[in-house]
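Undergrad: Starting off with a structure, shown below.
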Amino acid sequence: MMETKLVLLGTGTPNACPDASGPSSAVVVGDRAYLVDFGPGVVRQAAKAYRNGIDALRPDRLVTAFCTHLHTDHTSGYPDLIFTPWVLERKEPLRVFGPKGIRDMTEHLLKAYKVDIDFRINGFEKANEVGYRVETQEINSGVIYRDDRVTVEAFPVSHGTLESYGFKFTTPDRVIVISGDTAPLEIVAEKAKGCDILLHEVEYTAGLAAREPKWQKYHREVHTLSVDLAEIAKKARPKLLVTYHRIYHMEIQDNTVDVGAEMARRNEAILEEIRNAGYEGPVVNGMDLDVF
């Protein structure tokens with residue numbers, strides 16, 4: 001039986017954190033990878049994972065991707081995912097499943113890079129005429145993809161007014177649920193009930209409490225506090241809870257302080273907040289290139 005793995009390519013946020021690439025994960029089943037989101041640096045992170053022994057993440061093998069929502073931190077690596085594997089001789093189209101707007105985004109990107117496409121096909125390189133093409137499918141809730149390795153179910157999450165989804169991957173040996181960006185929701189707990197891995201966004205509760213009221217209101221409406229994640233996890237009881245897209249509520253663009261040390265402290269504090277809120281199951285902070 002083929003083993004299923006969850007590979008974290010990027011665990012960051014819109015902040016330009018040098019230690020956390022833009023949000024992107026890969027559910028790997030045998031020699032196939034299924035990407036979720038494509039934040040900045042996605043293909044190079046996949047190349048690093050390939051170098052670390054995950055053969056399915058060799059860049060020219062990246063052919064299937066799912067998008068939770070169209071915020072830039074989750075999609076600014078999209079042209080990279082379209083074109084870099086093609087330059088590396090990907091020989092089939094990229095398939096992308098996402099919310100309404102993903103088709104327009106794709107068409108605009110292909111137009112934006114028309115000069116490059118034309119040169120590579122008609123110039124000295126004579127690149128293949130297939131590997132840069134993208135087959136897009138705008139999704140609704142329910143099963144959106146199935147092959148002989150995986151069934152993917154999309155479910156709606158709440159991230160302001162933006163159409164947003166979480167995804168549930170069911171493979172022969174594991175069930176993995178990825179929240180995407182969302183406020184705390186019962187549906188996430190329902191979909192993740194008894195799953196092997198719940199990958200969920202989180203924000204540092206104490207950090208948010210120190211911010212001005214308008215930002216507190218905004219974050220409570222569109223993201224999940226650590227104490228609220230504990231409640232979701234208590235209901236879902238995953239075999240492993242993994243946090244990503246951690247919002248620390250701190251200034252990272254400040255070389256006068258030890259940002260790395262403070263971020264590490266806040267990472268531990270987030271886990272402590274989850275445990276103090278009553279969650280007793282296994283929980284870890286996911287880091288770039290972690291494999292579960």
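Labels used: A, B, ... for chains in the order of the structure tokens, numbers from 1 for residues in each chain, and numbers from 1 for ligands as shown.
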Can you tell me which residues surround Leu62 (chain A) at a distance of at most 9 Å, considering only C-alpha atoms, apart from same-chain residues fewer than 4 positions away, and format the answer as a ChimeraX atom specification?
TA: /A:32-35,43,46,56-58,81,85,90,94
Undergrad: Could the residues in this selection be written to a file with C-alpha atoms, as a PDB file, in the first residue's frame?
TA:
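Everything below was put into again25.pdb:
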ATOM      1  CA  ARG A  32       1.814  11.786  -6.777  1.00  0.00           C
ATOM      2  CA  ALA A  33       1.575  15.165  -5.075  1.00  0.00           C
ATOM      3  CA  TYR A  34      -1.591  17.194  -4.608  1.00  0.00           C
ATOM      4  CA  LEU A  35      -0.821  20.810  -3.732  1.00  0.00           C
ATOM      5  CA  VAL A  43       8.290  25.579  -6.608  1.00  0.00           C
ATOM      6  CA  ALA A  46       8.965  21.718  -3.642  1.00  0.00           C
ATOM      7  CA  ALA A  56       6.622  13.253  -5.946  1.00  0.00           C
ATOM      8  CA  LEU A  57       7.590  16.891  -5.402  1.00  0.00           C
ATOM      9  CA  ARG A  58      10.140  17.036  -8.200  1.00  0.00           C
ATOM     10  CA  LEU A  81       3.735  26.909 -10.480  1.00  0.00           C
ATOM     11  CA  PRO A  85       7.838  23.219 -14.024  1.00  0.00           C
ATOM     12  CA  ARG A  90       6.639  19.278 -17.519  1.00  0.00           C
ATOM     13  CA  LEU A  94      -1.465  21.874 -14.745  1.00  0.00           C
TER      14      LEU A  94
END
Undergrad: Find the spatial neighbours of Val152 (chain A), counting only C-alpha atoms, within a cut-off of 9 Å - ignore same-chain residues fewer than 4 positions away - and output them as a list of chain:residue names.
TA: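 Here the qualifying residues turn out to be A:Gly142, A:Val143, A:Ile144, A:Tyr145, A:Arg146, A:Phe167, A:Lys168, A:Phe169, A:Thr170, A:Thr171.
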Undergrad: Go ahead and save the residues from that selection, with N, CA and C atoms, as an mmCIF file, in the first residue's frame.
TA:
data_model
loop_
_atom_site.group_PDB
_atom_site.id
_atom_site.type_symbol
_atom_site.label_atom_id
_atom_site.label_comp_id
_atom_site.auth_asym_id
_atom_site.auth_seq_id
_atom_site.Cartn_x
_atom_site.Cartn_y
_atom_site.Cartn_z
ATOM 1 N N GLY A 142 -18.521 20.014 -1.734
ATOM 2 C CA GLY A 142 -18.734 18.619 -2.092
ATOM 3 C C GLY A 142 -17.473 18.005 -2.654
ATOM 4 N N VAL A 143 -17.584 16.790 -3.152
ATOM 5 C CA VAL A 143 -16.428 16.110 -3.742
ATOM 6 C C VAL A 143 -16.087 16.807 -5.053
ATOM 7 N N ILE A 144 -14.854 17.291 -5.153
ATOM 8 C CA ILE A 144 -14.445 18.058 -6.340
ATOM 9 C C ILE A 144 -13.408 17.328 -7.173
ATOM 10 N N TYR A 145 -12.832 16.256 -6.604
ATOM 11 C CA TYR A 145 -11.794 15.539 -7.354
ATOM 12 C C TYR A 145 -11.703 14.123 -6.809
ATOM 13 N N ARG A 146 -11.469 13.180 -7.735
ATOM 14 C CA ARG A 146 -11.274 11.789 -7.326
ATOM 15 C C ARG A 146 -10.412 11.090 -8.362
ATOM 16 N N PHE A 167 -10.277 21.783 2.716
ATOM 17 C CA PHE A 167 -10.258 20.552 1.923
ATOM 18 C C PHE A 167 -10.032 19.331 2.811
ATOM 19 N N LYS A 168 -10.745 18.266 2.473
ATOM 20 C CA LYS A 168 -10.578 16.979 3.145
ATOM 21 C C LYS A 168 -10.076 15.963 2.133
ATOM 22 N N PHE A 169 -8.894 15.418 2.401
ATOM 23 C CA PHE A 169 -8.269 14.423 1.531
ATOM 24 C C PHE A 169 -8.427 13.047 2.167
ATOM 25 N N THR A 170 -9.034 12.149 1.423
ATOM 26 C CA THR A 170 -9.177 10.774 1.884
ATOM 27 C C THR A 170 -8.398 9.866 0.947
ATOM 28 N N THR A 171 -7.411 9.175 1.497
ATOM 29 C CA THR A 171 -6.569 8.265 0.722
ATOM 30 C C THR A 171 -6.735 6.856 1.295
#
Undergrad: Rank nothing, just name the residue among A:Val130, A:Ala206, A:Ala277, A:Leu289 nearest to Lys5 (chain A), using only C-alpha atoms.
TA: A:Leu289
Undergrad: Could you please determine the separation between CA of Ala154 (chain A) and CA of Lys100 (chain A) in Å, to one decimal place?
TA: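 So the answer is 13.3 Å.
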Undergrad: Counting only C-alpha atoms, which residue out of A:Pro238, A:Gly98, A:Gly53, A:Gly194 sits closest to Pro282 (chain A)?
TA: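 Between A:Pro238, A:Gly98, A:Gly53, A:Gly194, the residue approaching Pro282 (chain A) most closely is A:Pro238.
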Undergrad: Looking only at alpha helix (DSSP H) from DSSP on the backbone, list the matching residues of region 199-246 of chain A as a PDB file with C-alpha atoms, in the first residue's frame.
TA:
ATOM      1  CA  THR A 205      -4.384  35.042  21.514  1.00  0.00           C
ATOM      2  CA  ALA A 206      -2.255  37.110  23.880  1.00  0.00           C
ATOM      3  CA  GLY A 207      -0.675  38.927  20.963  1.00  0.00           C
ATOM      4  CA  LEU A 208      -4.038  39.930  19.539  1.00  0.00           C
ATOM      5  CA  ALA A 209      -5.179  41.203  22.947  1.00  0.00           C
ATOM      6  CA  PRO A 213      -9.678  47.327  18.920  1.00  0.00           C
ATOM      7  CA  LYS A 214     -10.196  47.604  15.140  1.00  0.00           C
ATOM      8  CA  TRP A 215      -7.557  44.941  14.513  1.00  0.00           C
ATOM      9  CA  GLN A 216      -8.936  42.733  17.267  1.00  0.00           C
ATOM     10  CA  LYS A 217     -12.358  42.875  15.632  1.00  0.00           C
ATOM     11  CA  TYR A 218     -10.963  42.121  12.184  1.00  0.00           C
ATOM     12  CA  HIS A 219      -8.865  39.138  13.260  1.00  0.00           C
ATOM     13  CA  ARG A 220     -11.609  37.597  15.372  1.00  0.00           C
ATOM     14  CA  GLU A 221     -13.902  37.677  12.343  1.00  0.00           C
ATOM     15  CA  VAL A 222     -11.558  36.121   9.788  1.00  0.00           C
ATOM     16  CA  SER A 226      -5.478  29.510  19.631  1.00  0.00           C
ATOM     17  CA  VAL A 227      -8.117  29.168  22.360  1.00  0.00           C
ATOM     18  CA  ASP A 228     -10.824  28.683  19.723  1.00  0.00           C
ATOM     19  CA  LEU A 229      -8.699  26.166  17.845  1.00  0.00           C
ATOM     20  CA  ALA A 230      -8.547  24.162  21.069  1.00  0.00           C
ATOM     21  CA  GLU A 231     -12.350  23.937  21.056  1.00  0.00           C
ATOM     22  CA  ILE A 232     -12.389  22.766  17.442  1.00  0.00           C
ATOM     23  CA  ALA A 233      -9.733  20.159  18.146  1.00  0.00           C
ATOM     24  CA  LYS A 234     -11.554  18.888  21.244  1.00  0.00           C
ATOM     25  CA  LYS A 235     -14.587  18.194  19.060  1.00  0.00           C
ATOM     26  CA  ALA A 236     -12.663  16.781  16.093  1.00  0.00           C
TER      27      ALA A 236
END
Undergrad: Could you pull out the strand (DSSP E or B) residues of region 33-182 of chain A, going by DSSP on the backbone, and write them as a PyMOL selection string?
TA: chain A and resi 33-36+64-66+94-98+134-138+142-146+151-156+159+162+165-170+175-178
Undergrad: Convert the current residue selection to file output with C-alpha atoms, as a JSON list (two decimals), in the first residue's frame.
TA:
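Result file is again-v8.json:
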[["chain", "number", "residue", "atom", "x", "y", "z"],
["A", 33, "ALA", "CA", 1.57, 15.16, -5.07],
["A", 34, "TYR", "CA", -1.59, 17.19, -4.61],
["A", 35, "LEU", "CA", -0.82, 20.81, -3.73],
["A", 36, "VAL", "CA", -3.00, 23.03, -1.59],
["A", 64, "THR", "CA", -2.52, 19.01, -9.59],
["A", 65, "ALA", "CA", -3.31, 21.87, -7.22],
["A", 66, "PHE", "CA", -6.18, 23.13, -5.10],
["A", 94, "LEU", "CA", -1.47, 21.87, -14.74],
["A", 95, "ARG", "CA", -4.89, 21.16, -13.23],
["A", 96, "VAL", "CA", -6.13, 23.73, -10.73],
["A", 97, "PHE", "CA", -9.29, 23.64, -8.63],
["A", 98, "GLY", "CA", -10.36, 26.77, -6.80],
["A", 134, "VAL", "CA", -3.74, 25.21, -17.21],
["A", 135, "GLU", "CA", -7.04, 23.38, -16.86],
["A", 136, "THR", "CA", -9.08, 25.26, -14.27],
["A", 137, "GLN", "CA", -12.21, 24.19, -12.47],
["A", 138, "GLU", "CA", -14.17, 26.61, -10.30],
["A", 142, "GLY", "CA", -18.73, 18.62, -2.09],
["A", 143, "VAL", "CA", -16.43, 16.11, -3.74],
["A", 144, "ILE", "CA", -14.45, 18.06, -6.34],
["A", 145, "TYR", "CA", -11.79, 15.54, -7.35],
["A", 146, "ARG", "CA", -11.27, 11.79, -7.33],
["A", 151, "THR", "CA", -10.84, 11.76, -2.94],
["A", 152, "VAL", "CA", -10.92, 15.50, -2.28],
["A", 153, "GLU", "CA", -13.90, 17.17, -0.66],
["A", 154, "ALA", "CA", -14.25, 20.96, -0.47],
["A", 155, "PHE", "CA", -16.23, 22.58, 2.33],
["A", 156, "PRO", "CA", -16.99, 26.28, 2.88],
["A", 159, "HIS", "CA", -12.76, 34.34, 5.75],
["A", 162, "LEU", "CA", -14.07, 36.12, 0.24],
["A", 165, "TYR", "CA", -12.77, 26.56, 1.20],
["A", 166, "GLY", "CA", -11.16, 23.94, 3.36],
["A", 167, "PHE", "CA", -10.26, 20.55, 1.92],
["A", 168, "LYS", "CA", -10.58, 16.98, 3.14],
["A", 169, "PHE", "CA", -8.27, 14.42, 1.53],
["A", 170, "THR", "CA", -9.18, 10.77, 1.88],
["A", 175, "VAL", "CA", -7.54, 11.30, 6.16],
["A", 176, "ILE", "CA", -6.03, 14.80, 6.13],
["A", 177, "VAL", "CA", -8.03, 18.00, 6.60],
["A", 178, "ILE", "CA", -6.66, 21.44, 5.72]]
Undergrad: For each of A:Thr182, A:Thr84, A:Thr75, A:Asn15, take the minimum atom-to-atom distance to Val63 (chain A), counting only C-alpha atoms, then give the residue where this is smallest.
TA: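 For Val63 (chain A), the nearest of the candidates is A:Thr84.
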Undergrad: A:Val157, A:Ile102, A:Val242, A:Ala47: which is nearest Ile270 (chain A), counting only C-alpha atoms?
TA: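 Among the listed residues, the smallest separation from Ile270 (chain A) belongs to A:Val242.
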Undergrad: I'd like the neighbourhood of Tyr113 (chain A) as a list in words, where a residue qualifies if any of its atoms comes within 12 Å (using only C-alpha atoms), though same-chain residues fewer than 2 positions away should be ignored.
TA: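 Contacts, with the query itself left out: Pro79, Asp80, Ile82, Phe83, Thr106, Glu107, His108, Leu109, Leu110, Lys111, Val115, Asp116, Ile117, Asp118, Phe119, Arg120, Tyr132 and Arg133 of chain A.
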Undergrad: If we count only C-alpha atoms, what is near Pro172 (chain A) at a cut-off of 10 Å, once residues fewer than 2 positions away on the same chain are taken out, given as a PyMOL selection string?
TA: chain A and resi 1-4+29+148-151+170+174-175
Undergrad: Out of A:Phe292, A:Leu241, A:Asn122, A:Glu92, which residue has the shortest atom-to-atom distance to Ala26 (chain A) when counting only C-alpha atoms?
TA: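 Using only C-alpha atoms, Ala26 (chain A) sits closest to A:Phe292.
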